[in-house]
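Undergrad: Got a file for you: run-v8.txt, compact mmCIF, C-alpha atoms and all ligand atoms.
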# COMPACT_ATOMS: atom_id res chain seq x y z
CA MET A 22 32.96 -6.55 35.31
CA ALA A 23 31.12 -9.64 34.09
CA ARG A 24 28.61 -11.11 36.49
CA ARG A 25 29.09 -14.80 37.14
CA GLU A 26 25.96 -16.89 36.84
CA SER A 27 25.36 -19.36 39.64
CA ALA A 28 26.68 -22.82 38.84
CA GLY A 29 24.39 -25.69 37.92
CA ALA A 30 21.95 -26.54 35.19
CA GLY A 31 19.29 -23.95 36.15
CA PRO A 32 17.52 -21.51 33.82
CA GLY A 33 20.21 -18.83 34.30
CA SER A 34 22.91 -21.22 33.06
CA ARG A 35 20.74 -22.33 30.16
CA ALA A 36 20.15 -18.71 29.12
CA LEU A 37 23.87 -17.99 29.41
CA ILE A 38 24.82 -20.97 27.24
CA VAL A 39 22.20 -20.19 24.60
CA ASP A 40 23.45 -16.62 24.51
CA LEU A 41 27.09 -17.71 24.12
CA ILE A 42 26.24 -20.13 21.32
CA ARG A 43 24.18 -17.34 19.66
CA SER A 44 26.93 -14.75 19.86
CA SER A 45 30.04 -16.95 19.53
CA GLY A 46 28.90 -20.03 17.64
CA PRO A 47 30.17 -22.25 16.18
CA ILE A 48 31.59 -23.00 19.61
CA SER A 49 32.66 -26.23 21.30
CA ARG A 50 31.62 -27.59 24.69
CA VAL A 51 35.19 -27.09 25.94
CA GLU A 52 35.06 -23.42 24.96
CA LEU A 53 31.71 -23.11 26.76
CA VAL A 54 33.29 -24.51 29.93
CA LYS A 55 36.07 -21.90 29.65
CA ALA A 56 33.71 -19.03 28.90
CA THR A 57 31.19 -19.77 31.66
CA GLY A 58 33.17 -21.27 34.52
CA LEU A 59 30.51 -23.99 34.70
CA THR A 60 31.66 -27.59 35.06
CA GLN A 61 31.98 -29.91 32.09
CA PRO A 62 29.15 -32.24 33.27
CA THR A 63 26.84 -29.21 33.67
CA ILE A 64 27.65 -27.98 30.17
CA SER A 65 27.12 -31.48 28.77
CA THR A 66 23.73 -31.81 30.47
CA ILE A 67 22.46 -28.41 29.32
CA VAL A 68 23.77 -28.84 25.76
CA ARG A 69 22.17 -32.28 25.52
CA ARG A 70 18.81 -30.81 26.60
CA LEU A 71 19.18 -27.98 24.10
CA ILE A 72 19.95 -30.45 21.29
CA ASP A 73 17.04 -32.71 22.32
CA GLY A 74 14.78 -29.66 22.35
CA GLY A 75 15.96 -28.68 18.86
CA VAL A 76 17.29 -25.29 20.00
CA VAL A 77 20.95 -26.10 19.31
CA ARG A 78 22.52 -28.43 16.78
CA GLU A 79 25.95 -29.83 16.07
CA THR A 80 27.41 -28.45 12.85
CA GLY A 81 28.93 -31.75 11.79
CA ASP A 82 32.35 -30.08 11.75
CA THR A 83 34.96 -30.99 14.28
CA VAL A 84 38.06 -29.08 15.24
CA ALA A 85 41.20 -31.14 15.80
CA THR A 86 43.02 -29.98 18.90
CA GLY A 87 45.67 -32.67 19.29
CA GLY A 88 43.44 -34.52 21.76
CA LYS A 89 39.84 -35.56 21.22
CA PRO A 90 38.32 -33.65 18.27
CA ARG A 91 35.79 -31.02 19.36
CA THR A 92 32.28 -30.97 17.95
CA MET A 93 31.02 -27.49 17.17
CA LEU A 94 27.62 -26.18 18.24
CA ILE A 95 25.36 -23.54 16.68
CA ILE A 96 21.81 -22.29 17.20
CA ASN A 97 19.38 -24.30 15.10
CA SER A 98 17.96 -21.55 12.90
CA ARG A 99 14.82 -23.58 12.20
CA ALA A 100 14.14 -24.41 15.86
CA ALA A 101 11.28 -21.94 16.00
CA TYR A 102 10.05 -18.75 14.41
CA GLY A 103 9.29 -15.46 16.13
CA VAL A 104 6.76 -12.94 14.89
CA GLY A 105 7.07 -9.22 15.60
CA ILE A 106 4.50 -6.57 14.72
CA HIS A 107 5.55 -2.95 14.98
CA VAL A 108 2.67 -0.57 15.59
CA GLY A 109 3.00 2.86 14.07
CA ALA A 110 0.24 5.44 13.84
CA ASP A 111 -0.21 4.88 10.11
CA ALA A 112 1.40 1.49 9.42
CA LEU A 113 1.74 -1.98 10.90
CA THR A 114 4.93 -3.87 10.01
CA CYS A 115 5.02 -7.62 10.55
CA VAL A 116 8.29 -9.55 10.42
CA VAL A 117 8.97 -13.26 10.91
CA THR A 118 12.49 -14.33 11.83
CA ASP A 119 14.17 -17.66 12.40
CA THR A 120 15.99 -18.46 15.63
CA ARG A 121 19.24 -16.86 14.45
CA GLY A 122 17.49 -13.58 13.65
CA GLY A 123 17.29 -14.01 9.87
CA THR A 124 14.16 -12.45 8.35
CA VAL A 125 12.04 -15.05 6.54
CA GLY A 126 8.90 -12.97 5.91
CA ARG A 127 7.65 -9.38 6.03
CA ALA A 128 4.44 -7.48 5.37
CA LEU A 129 3.44 -3.86 5.72
CA VAL A 130 -0.21 -2.80 5.97
CA ALA A 131 -2.00 0.46 6.68
CA GLY A 132 -2.23 0.94 10.44
CA PRO A 133 -5.19 1.67 12.67
CA GLY A 134 -4.56 5.40 12.51
CA ALA A 135 -4.40 5.43 8.71
CA ASP A 136 -8.13 6.15 8.40
CA ALA A 137 -7.54 9.46 10.09
CA VAL A 138 -4.53 10.14 7.86
CA LEU A 139 -6.60 9.29 4.79
CA GLY A 140 -9.41 11.54 5.94
CA GLY A 141 -11.73 8.88 7.40
CA ALA A 142 -13.74 9.68 10.46
CA GLU A 143 -13.20 7.04 13.10
CA PRO A 144 -10.12 4.80 13.42
CA GLY A 145 -10.99 1.17 14.28
CA GLY A 146 -12.13 0.51 17.85
CA THR A 147 -10.59 -1.91 20.31
CA LYS A 148 -12.08 -4.98 18.64
CA GLY A 149 -10.76 -3.67 15.35
CA ALA A 150 -7.25 -3.42 16.80
CA VAL A 151 -7.16 -7.04 17.93
CA GLU A 152 -8.73 -8.28 14.71
CA GLN A 153 -6.34 -6.28 12.56
CA LEU A 154 -3.25 -7.55 14.41
CA ALA A 155 -4.53 -11.14 14.42
CA ALA A 156 -5.33 -11.04 10.70
CA LEU A 157 -1.88 -9.67 9.86
CA HIS A 158 -0.20 -12.38 11.94
CA GLN A 159 -2.26 -15.08 10.23
CA ASP A 160 -1.74 -13.74 6.72
CA VAL A 161 2.02 -13.65 7.12
CA THR A 162 2.54 -16.98 8.92
CA GLU A 163 0.09 -18.84 6.68
CA GLY A 164 1.66 -17.25 3.61
CA LEU A 165 4.99 -18.73 4.72
CA GLY A 166 3.36 -22.10 5.35
CA LEU A 167 4.40 -22.13 9.02
CA GLU A 168 2.71 -24.62 11.33
CA ARG A 169 1.27 -22.97 14.43
CA GLN A 170 3.47 -25.22 16.62
CA SER A 171 6.63 -23.86 14.99
CA VAL A 172 5.71 -20.25 15.91
CA ALA A 173 7.20 -19.47 19.33
CA GLY A 174 4.96 -16.44 19.78
CA LEU A 175 4.01 -12.94 18.76
CA ALA A 176 5.37 -9.64 20.06
CA VAL A 177 3.46 -6.42 19.50
CA VAL A 178 5.82 -3.47 19.92
CA GLY A 179 5.19 0.24 19.75
CA PRO A 180 5.66 3.58 21.44
CA GLY A 181 5.80 3.53 25.25
CA PRO A 182 4.92 3.72 27.98
CA VAL A 183 4.09 0.00 28.07
CA ASP A 184 2.68 -2.25 30.76
CA VAL A 185 4.54 -5.47 30.00
CA VAL A 186 2.90 -7.37 32.89
CA ARG A 187 -0.62 -6.61 31.70
CA GLY A 188 0.52 -6.76 28.08
CA GLY A 189 -0.69 -3.44 26.72
CA PHE A 190 0.17 0.13 25.77
CA LEU A 191 -0.74 3.00 28.08
CA ALA A 192 -1.11 5.90 25.68
CA PRO A 193 0.14 5.14 22.17
CA PRO A 194 0.36 8.49 20.31
CA GLY A 195 -2.34 8.74 17.66
CA LEU A 196 -4.06 5.55 18.87
CA PRO A 197 -6.11 6.63 21.90
CA GLN A 198 -8.49 3.69 21.39
CA TRP A 199 -5.61 1.30 22.24
CA ALA A 200 -4.92 2.81 25.66
CA GLY A 201 -5.78 0.39 28.45
CA LEU A 202 -6.52 -2.48 26.06
CA ASP A 203 -5.24 -5.90 27.25
CA LEU A 204 -3.73 -6.66 23.87
CA ALA A 205 -1.60 -9.68 24.86
CA ASP A 206 -4.51 -11.51 26.55
CA ALA A 207 -6.89 -10.79 23.71
CA LEU A 208 -4.40 -11.87 21.02
CA ALA A 209 -3.28 -15.00 22.92
CA ALA A 210 -6.94 -16.06 23.18
CA ARG A 211 -7.62 -15.23 19.54
CA LEU A 212 -4.52 -16.88 18.03
CA ASP A 213 -3.71 -19.53 20.64
CA ILE A 214 -0.03 -18.60 20.73
CA PRO A 215 1.99 -16.82 23.45
CA VAL A 216 2.02 -13.02 23.07
CA LEU A 217 4.01 -10.17 24.61
CA VAL A 218 3.82 -6.39 24.36
CA ASP A 219 6.92 -4.22 24.67
CA SER A 220 8.28 -0.84 23.63
CA ASP A 221 9.71 -0.36 20.14
CA ALA A 222 13.04 0.91 21.48
CA ALA A 223 13.48 -2.07 23.84
CA ALA A 224 12.63 -4.46 21.02
CA ALA A 225 15.00 -2.81 18.55
CA THR A 226 17.81 -2.99 21.11
CA VAL A 227 17.37 -6.72 21.70
CA GLY A 228 16.94 -7.32 17.96
CA GLU A 229 20.17 -5.54 17.07
CA PHE A 230 22.00 -7.30 19.89
CA TRP A 231 20.67 -10.71 18.84
CA SER A 232 20.98 -10.48 15.05
CA ARG A 233 24.36 -8.72 15.00
CA GLN A 234 25.75 -11.54 17.18
CA VAL A 235 27.06 -8.95 19.64
CA SER A 236 29.18 -10.53 22.39
CA ARG A 237 27.66 -10.35 25.88
CA ASN A 238 30.98 -8.84 27.01
CA ARG A 239 30.17 -5.61 25.19
CA THR A 240 28.26 -2.79 26.84
CA PHE A 241 25.78 -2.30 24.06
CA GLY A 242 23.36 0.55 23.48
CA CYS A 243 20.79 1.37 20.83
CA LEU A 244 19.28 4.76 19.99
CA TYR A 245 15.85 4.36 18.44
CA MET A 246 14.15 7.16 16.49
CA ASN A 247 10.66 6.99 15.04
CA SER A 248 7.98 9.51 15.99
CA GLY A 249 9.73 9.67 19.36
CA ILE A 250 13.26 8.94 20.56
CA GLY A 251 14.09 6.07 22.89
CA SER A 252 17.02 3.87 23.77
CA GLY A 253 18.00 0.55 25.26
CA VAL A 254 21.10 -0.83 26.92
CA VAL A 255 22.22 -4.46 27.12
CA LEU A 256 24.35 -5.37 30.13
CA ASP A 257 25.85 -8.88 30.46
CA GLY A 258 23.65 -10.11 27.64
CA ALA A 259 20.33 -8.87 29.10
CA LEU A 260 18.37 -5.73 28.32
CA HIS A 261 18.34 -3.36 31.29
CA ARG A 262 14.63 -2.94 31.94
CA GLY A 263 14.30 -0.77 35.03
CA ALA A 264 11.38 -1.14 37.45
CA SER A 265 8.67 -1.50 34.81
CA SER A 266 10.45 -2.16 31.50
CA ASN A 267 10.25 1.53 30.61
CA ALA A 268 13.97 2.35 30.95
CA GLY A 269 15.94 4.38 28.42
CA LYS A 270 13.57 7.25 27.63
CA ILE A 271 16.37 9.53 26.45
CA GLY A 272 13.84 11.44 24.30
CA HIS A 273 12.25 12.76 27.48
CA VAL A 274 15.41 14.21 28.93
CA ALA A 275 15.00 17.98 28.96
CA VAL A 276 17.49 19.77 26.72
CA ILE A 277 15.82 23.21 26.78
CA ARG A 278 14.92 24.71 30.14
CA ASP A 279 11.25 25.85 30.15
CA GLY A 280 11.01 24.68 26.55
CA GLU A 281 7.99 23.37 24.66
CA LEU A 282 5.42 21.26 26.48
CA CYS A 283 5.83 17.56 25.63
CA LEU A 284 3.17 14.82 25.57
CA CYS A 285 4.85 13.38 28.67
CA GLY A 286 4.00 16.54 30.64
CA ASN A 287 7.62 17.69 30.88
CA ARG A 288 9.01 20.74 29.07
CA GLY A 289 11.92 20.99 26.65
CA CYS A 290 12.29 17.24 25.98
CA LEU A 291 14.92 16.16 23.43
CA GLU A 292 12.32 14.62 21.11
CA MET A 293 10.38 17.89 20.95
CA TYR A 294 13.39 19.33 19.07
CA ALA A 295 15.24 16.43 17.41
CA ALA A 296 12.57 13.89 16.34
CA PRO A 297 11.20 13.83 12.76
CA ARG A 298 7.93 15.51 13.73
CA ALA A 299 9.79 18.51 15.18
CA VAL A 300 12.12 18.79 12.19
CA VAL A 301 9.19 18.67 9.76
CA ARG A 302 7.29 21.28 11.75
CA ARG A 303 10.29 23.58 11.54
CA ALA A 304 10.66 22.88 7.81
CA ARG A 305 7.05 23.90 7.25
CA ALA A 306 7.81 27.23 8.89
CA VAL A 307 10.75 27.97 6.55
CA GLN A 308 9.58 30.26 3.73
CA GLY A 309 9.30 28.36 0.45
CA LEU A 310 10.96 25.13 1.65
CA ALA A 311 7.84 22.94 1.92
CA ASP A 312 6.67 24.11 -1.54
CA ARG A 313 10.07 23.42 -3.09
CA LEU A 314 10.15 19.90 -1.60
CA ARG A 315 6.44 19.38 -2.41
CA ILE A 316 5.55 18.63 1.19
CA SER A 317 1.91 19.44 1.82
CA ALA A 318 0.26 20.13 5.15
CA ASP A 319 -1.61 16.81 4.92
CA ASP A 320 1.43 14.60 4.41
CA PRO A 321 2.24 12.36 7.38
CA ASP A 322 5.27 13.60 9.32
CA ALA A 323 7.26 10.40 8.77
CA TRP A 324 6.84 10.65 5.00
CA ALA A 325 7.64 14.37 4.95
CA PHE A 326 10.74 13.73 7.05
CA ASP A 327 12.06 11.19 4.55
CA VAL A 328 11.59 13.74 1.74
CA LEU A 329 13.39 16.38 3.77
CA ALA A 330 16.20 13.98 4.71
CA ARG A 331 16.69 13.04 1.06
CA ALA A 332 16.91 16.70 0.10
CA ALA A 333 19.48 17.20 2.86
CA LEU A 334 21.58 14.33 1.51
CA TYR A 335 21.36 15.73 -2.02
CA GLY A 336 22.65 19.11 -0.95
CA ASP A 337 19.60 21.30 -0.28
CA GLU A 338 21.13 23.76 2.17
CA GLN A 339 17.98 24.63 4.10
CA ALA A 340 16.98 20.99 4.48
CA ARG A 341 20.54 20.10 5.45
CA ALA A 342 20.63 22.77 8.16
CA LEU A 343 17.47 21.37 9.74
CA VAL A 344 18.70 17.77 9.70
CA ASP A 345 22.11 18.88 10.99
CA GLU A 346 20.43 20.62 13.91
CA SER A 347 18.49 17.46 14.72
CA ALA A 348 21.71 15.40 14.48
CA ALA A 349 23.55 17.82 16.77
CA LEU A 350 20.83 17.53 19.42
CA LEU A 351 20.67 13.78 19.10
CA ALA A 352 24.46 13.63 19.42
CA GLU A 353 24.11 15.35 22.81
CA GLY A 354 21.66 12.61 23.77
CA ALA A 355 24.16 10.01 22.56
CA VAL A 356 26.93 11.53 24.69
CA ALA A 357 24.61 11.42 27.73
CA LEU A 358 23.72 7.80 27.03
CA VAL A 359 27.35 6.76 26.56
CA ASN A 360 28.45 8.66 29.67
CA LEU A 361 25.71 7.16 31.85
CA TRP A 362 26.44 3.56 30.89
CA ASP A 363 30.06 3.66 29.69
CA LEU A 364 28.94 2.10 26.41
CA ASP A 365 31.45 0.68 23.96
CA THR A 366 28.94 0.06 21.15
CA LEU A 367 26.02 2.18 19.97
CA VAL A 368 23.67 1.28 17.11
CA LEU A 369 21.19 3.70 15.52
CA ALA A 370 17.88 2.10 14.55
CA GLY A 371 14.35 3.12 13.66
CA PRO A 372 12.54 4.70 10.69
CA GLY A 373 14.02 8.12 11.51
CA PHE A 374 17.43 6.89 10.31
CA VAL A 375 16.34 5.23 7.06
CA VAL A 376 17.33 8.06 4.71
CA ALA A 377 19.77 10.32 6.55
CA GLY A 378 21.29 7.75 8.92
CA SER A 379 24.78 8.56 7.62
CA ILE A 380 24.42 12.22 8.70
CA TYR A 381 23.44 11.13 12.22
CA VAL A 382 26.18 8.49 12.45
CA SER A 383 28.90 10.98 11.43
CA GLU A 384 27.75 13.65 13.85
CA ILE A 385 27.42 11.21 16.76
CA ARG A 386 30.86 9.69 16.06
CA ARG A 387 32.40 13.16 15.97
CA ARG A 388 30.76 14.30 19.19
CA LEU A 389 31.65 11.13 21.05
CA SER A 390 35.29 11.32 19.96
CA GLU A 391 35.45 14.88 21.31
CA HIS A 392 33.11 14.78 24.30
CA ALA A 393 32.58 11.26 25.66
CA TYR A 394 33.89 11.08 29.21
CA THR A 395 35.82 7.89 28.42
CA ARG A 396 37.27 9.11 25.09
CA ASP A 397 40.87 8.70 26.34
CA VAL A 398 40.16 5.25 27.77
CA HIS A 399 38.30 3.57 24.92
CA GLY A 400 36.52 4.38 21.71
CA VAL A 401 32.81 3.86 21.09
CA ARG A 402 31.79 1.93 18.02
CA VAL A 403 28.83 3.72 16.36
CA GLU A 404 26.97 1.89 13.60
CA LEU A 405 23.76 2.19 11.65
CA SER A 406 21.28 -0.70 11.79
CA SER A 407 21.33 -2.79 8.63
CA ASN A 408 17.53 -2.44 8.53
CA PRO A 409 16.56 0.70 10.47
CA ARG A 410 12.94 0.73 9.27
CA ASP A 411 12.11 -2.81 10.43
CA ALA A 412 14.40 -2.84 13.48
CA ALA A 413 11.57 -2.78 16.05
CA ALA A 414 9.52 -5.52 14.34
CA ILE A 415 12.64 -7.69 13.95
CA GLY A 416 13.39 -6.96 17.61
CA GLY A 417 9.90 -8.05 18.60
CA ALA A 418 10.55 -11.40 16.96
CA ALA A 419 13.91 -11.56 18.78
CA LEU A 420 12.18 -10.90 22.13
CA VAL A 421 9.83 -13.80 21.47
CA LEU A 422 12.70 -16.13 20.56
CA GLN A 423 14.83 -15.01 23.48
CA GLY A 424 11.86 -15.59 25.80
CA SER A 425 11.28 -18.98 24.24
CA VAL A 426 14.78 -20.47 23.95
CA ALA A 427 16.53 -18.55 26.75
CA PRO A 428 13.83 -17.47 29.21
CA GLY A 429 14.55 -15.15 32.10
CA HIS A 430 15.71 -12.04 30.21
CA GLY A 431 12.52 -10.18 29.44
CA PRO A 432 8.77 -9.96 29.81
CA GLU A 433 7.02 -13.29 30.10
CA LEU A 434 5.09 -14.35 27.06
CA ILE A 435 1.40 -14.33 27.96
CA ALA A 436 -0.29 -17.61 27.00
CA ARG A 437 -3.94 -18.34 26.52
CA ALA A 438 -5.75 -18.38 29.90
ZN ZN A 501 8.73 14.39 27.11
Could you rewrite the structure in this file as structure tokens?
Ligand SMILES: [Zn+2]
TA:
Amino acid sequence: MARRESAGAGPGSRALIVDLIRSSGPISRVELVKATGLTQPTISTIVRRLIDGGVVRETGDTVATGGKPRTMLIINSRAAYGVGIHVGADALTCVVTDTRGGTVGRALVAGPGADAVLGGAEPGGTKGAVEQLAALHQDVTEGLGLERQSVAGLAVVGPGPVDVVRGGFLAPPGLPQWAGLDLADALAARLDIPVLVDSDAAAATVGEFWSRQVSRNRTFGCLYMNSGIGSGVVLDGALHRGASSNAGKIGHVAVIRDGELCLCGNRGCLEMYAAPRAVVRRARAVQGLADRLRISADDPDAWAFDVLARAALYGDEQARALVDESAALLAEGAVALVNLWDLDTLVLAGPGFVVAGSIYVSEIRRRLSEHAYTRDVHGVRVELSSNPRDAAAIGGAALVLQGSVAPGHGPELIARA
């Protein structure tokens, strides 16, 4: 059941109206009154402030209704730009989006762990991390000719756990030198823009919700697969964050009793069996398969997984069996996620779905239609992200914009002290 926001022109009402214009625009003030239950003067006041602030604009179109023609409102796509940087062990992806979630710029550079991948001795230290992120942000925004004032902020997103209050990662896999680093403070001081740090799965969830113009009436979930497996759920238009913004760790639900020891300290976690790293490890153990696919022991897991996934799509039976097994396990995770939250929409995002996303989508659809607890009440829409590889970076930009134009949903942007 939809939660009713308290009446009045407070921040909750502003966030609600921005979210309705985002998901349902073009929309008229009269429709906003109907959709929110807020009074007409309240809507008028908030909309006027949003127009004055450049967040919302009138389209210029009016809809004749027999009475007074209605002016339509949309989000002003050029109101501000958000920057998201996705941190992977061997690559940093930077994406700039406009306020409606459209990508206006993108860059990919070797990540802080790439030295190790390339055979170098010591990945960059903490100062190196801040400098590398700051330089990437500057290269991309300056390349687009964006004024600093038009950039609403920067989000750095990566594998959890995260400390969103402090603005840092706790133990990013492959990047031990980043653990405990106050990234948001250091970057806000260096770049003089607001900065936030969040998990890749949380970011991807908000990004998909925002850019797909999903209605806040839907119970929306996102399964995110990169080196690990995470998820996010949006309820009433806001990401469910839990006590510390670390909700949704479906990859650390045990699927095998007394199974393999996971980085999290638990045994038998889903991601130890279904994530790309696990699938590649199994492929390397199959006689002759790695040689046939030309996967060497030195190739990064993410790259090797894409090769394997392509072979699976093109009919290599051994590769297909491995990907199918991963999809079957992930489908169990999807059923658990849908059953816990009674989801009606589930999107698959993350680099793990770039090549073989269709295999995962089909298997998850099949399993949900047969096993979801609510299968006789309603169906679950399962879709693949339109840009699975960049979903977390795009989501980072969406988190910044959501925090800027409709505050109150997520971690506060940390500004220069
Ligand atoms: Zn685990």
Undergrad: Please extract the residues at most 10 Å from ligand ZN 501 (chain A), counting all atoms listed in the file, and provide them as a list of chain:residue names, using the chain letters and residue numbers of this document.
TA: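 Sorted by chain and then by number, the residues are A:Gly249, A:Ile250, A:Lys270, A:Ile271, A:Gly272, A:His273, A:Val274, A:Ala275, A:Glu281, A:Leu282, A:Cys283, A:Leu284, A:Cys285, A:Gly286, A:Asn287, A:Arg288, A:Gly289, A:Cys290, A:Leu291, A:Glu292, A:Met293.
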Undergrad: Measuring atom to atom with all atoms listed in the file, identify which of A:Cys115, A:Leu129, A:Leu59, A:Leu405 is nearest to Ala377 (chain A).
TA: A:Leu405
Undergrad: Please define a box with edges along x, y and z of the file around all atoms of region 253-270 of chain A given in the file, extend it by 6 Å on each side, and return its centre and edge lengths in Å to one decimal, as JSON.
TA:
{"center_x": 17.3, "center_y": -1.4, "center_z": 31.4, "size_x": 29.2, "size_y": 29.4, "size_z": 24.2}
Undergrad: Would you mind reading off the distance between CA of Ile38 (chain A) and CA of Leu422 (chain A), one decimal, in Å?
TA: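 Pair CA of Ile38 (chain A) / CA of Leu422 (chain A) returns 14.7 Å.
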Undergrad: How many Å separate CA of Arg298 (chain A) from CA of Ala413 (chain A)?
TA: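 Those two atoms sit 18.8 Å apart.
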Undergrad: Give me the residues of region 74-170 of chain A that have any atom at most 9 Å from an atom of region 201-209 of chain A; for each, the nearest atom pair and the distance in Å, rounded to one decimal. Use all atoms listed in the file, sort by chain and number, and format it as CSV.
TA:
residue,atom,partner,partner_atom,distance
A:Thr147,CA,A:Leu202,CA,7.1
A:Ala150,CA,A:Leu204,CA,8.5
A:Val151,CA,A:Leu208,CA,6.4
A:Glu152,CA,A:Leu208,CA,8.5
A:Leu154,CA,A:Leu208,CA,8.0
A:Ala155,CA,A:Leu208,CA,6.6
Undergrad: Would you list the contacts of Asp363 (chain A) as a PyMOL selection string, taking every protein, DNA or RNA residue within 9 Å and counting all atoms listed in the file, but skipping same-chain residues closer than 6 positions in sequence?
TA: chain A and resi 240+393-395
Undergrad: For a quick check of understanding, using only C-alpha atoms, which of A:Leu113, A:Ile67, A:Met246, A:Val255 has the smallest distance to Gly33 (chain A)?
TA: A:Ile67
Undergrad: Output requested as a PDB file, keeping the file's coordinate frame - region 288-306 of chain A, filled out with N, CA and C atoms.
TA:
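To be explicit, this is the file written out as out-v4.pdb:
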ATOM      1  N   ARG A 288       8.722  19.694  30.058  1.00  0.00           N
ATOM      2  CA  ARG A 288       9.010  20.740  29.070  1.00  0.00           C
ATOM      3  C   ARG A 288      10.429  20.595  28.523  1.00  0.00           C
ATOM      4  N   GLY A 289      10.580  20.916  27.244  1.00  0.00           N
ATOM      5  CA  GLY A 289      11.920  20.990  26.650  1.00  0.00           C
ATOM      6  C   GLY A 289      12.557  19.645  26.366  1.00  0.00           C
ATOM      7  N   CYS A 290      11.742  18.586  26.207  1.00  0.00           N
ATOM      8  CA  CYS A 290      12.290  17.240  25.980  1.00  0.00           C
ATOM      9  C   CYS A 290      13.044  17.166  24.642  1.00  0.00           C
ATOM     10  N   LEU A 291      14.102  16.341  24.630  1.00  0.00           N
ATOM     11  CA  LEU A 291      14.920  16.160  23.430  1.00  0.00           C
ATOM     12  C   LEU A 291      14.073  15.878  22.192  1.00  0.00           C
ATOM     13  N   GLU A 292      13.060  14.997  22.318  1.00  0.00           N
ATOM     14  CA  GLU A 292      12.320  14.620  21.110  1.00  0.00           C
ATOM     15  C   GLU A 292      11.425  15.738  20.587  1.00  0.00           C
ATOM     16  N   MET A 293      11.160  16.748  21.420  1.00  0.00           N
ATOM     17  CA  MET A 293      10.380  17.890  20.950  1.00  0.00           C
ATOM     18  C   MET A 293      11.196  18.750  19.978  1.00  0.00           C
ATOM     19  N   TYR A 294      12.515  18.511  19.929  1.00  0.00           N
ATOM     20  CA  TYR A 294      13.390  19.330  19.070  1.00  0.00           C
ATOM     21  C   TYR A 294      14.125  18.501  18.007  1.00  0.00           C
ATOM     22  N   ALA A 295      14.391  17.211  18.319  1.00  0.00           N
ATOM     23  CA  ALA A 295      15.240  16.430  17.410  1.00  0.00           C
ATOM     24  C   ALA A 295      14.485  15.386  16.599  1.00  0.00           C
ATOM     25  N   ALA A 296      13.284  14.982  17.026  1.00  0.00           N
ATOM     26  CA  ALA A 296      12.570  13.890  16.340  1.00  0.00           C
ATOM     27  C   ALA A 296      11.990  14.383  15.015  1.00  0.00           C
ATOM     28  N   PRO A 297      11.709  13.453  14.091  1.00  0.00           N
ATOM     29  CA  PRO A 297      11.200  13.830  12.760  1.00  0.00           C
ATOM     30  C   PRO A 297      10.048  14.818  12.796  1.00  0.00           C
ATOM     31  N   ARG A 298       9.094  14.620  13.705  1.00  0.00           N
ATOM     32  CA  ARG A 298       7.930  15.510  13.730  1.00  0.00           C
ATOM     33  C   ARG A 298       8.360  16.962  13.960  1.00  0.00           C
ATOM     34  N   ALA A 299       9.324  17.153  14.869  1.00  0.00           N
ATOM     35  CA  ALA A 299       9.790  18.510  15.180  1.00  0.00           C
ATOM     36  C   ALA A 299      10.530  19.117  14.002  1.00  0.00           C
ATOM     37  N   VAL A 300      11.339  18.280  13.325  1.00  0.00           N
ATOM     38  CA  VAL A 300      12.120  18.790  12.190  1.00  0.00           C
ATOM     39  C   VAL A 300      11.173  19.185  11.052  1.00  0.00           C
ATOM     40  N   VAL A 301      10.151  18.373  10.827  1.00  0.00           N
ATOM     41  CA  VAL A 301       9.190  18.670   9.760  1.00  0.00           C
ATOM     42  C   VAL A 301       8.403  19.938  10.097  1.00  0.00           C
ATOM     43  N   ARG A 302       8.044  20.079  11.362  1.00  0.00           N
ATOM     44  CA  ARG A 302       7.290  21.280  11.750  1.00  0.00           C
ATOM     45  C   ARG A 302       8.130  22.525  11.480  1.00  0.00           C
ATOM     46  N   ARG A 303       9.414  22.425  11.788  1.00  0.00           N
ATOM     47  CA  ARG A 303      10.290  23.580  11.540  1.00  0.00           C
ATOM     48  C   ARG A 303      10.446  23.822  10.029  1.00  0.00           C
ATOM     49  N   ALA A 304      10.525  22.733   9.270  1.00  0.00           N
ATOM     50  CA  ALA A 304      10.660  22.880   7.810  1.00  0.00           C
ATOM     51  C   ALA A 304       9.447  23.596   7.231  1.00  0.00           C
ATOM     52  N   ARG A 305       8.271  23.272   7.774  1.00  0.00           N
ATOM     53  CA  ARG A 305       7.050  23.900   7.250  1.00  0.00           C
ATOM     54  C   ARG A 305       7.013  25.394   7.538  1.00  0.00           C
ATOM     55  N   ALA A 306       7.791  25.806   8.532  1.00  0.00           N
ATOM     56  CA  ALA A 306       7.810  27.230   8.890  1.00  0.00           C
ATOM     57  C   ALA A 306       8.858  28.010   8.099  1.00  0.00           C
TER      58      ALA A 306
END
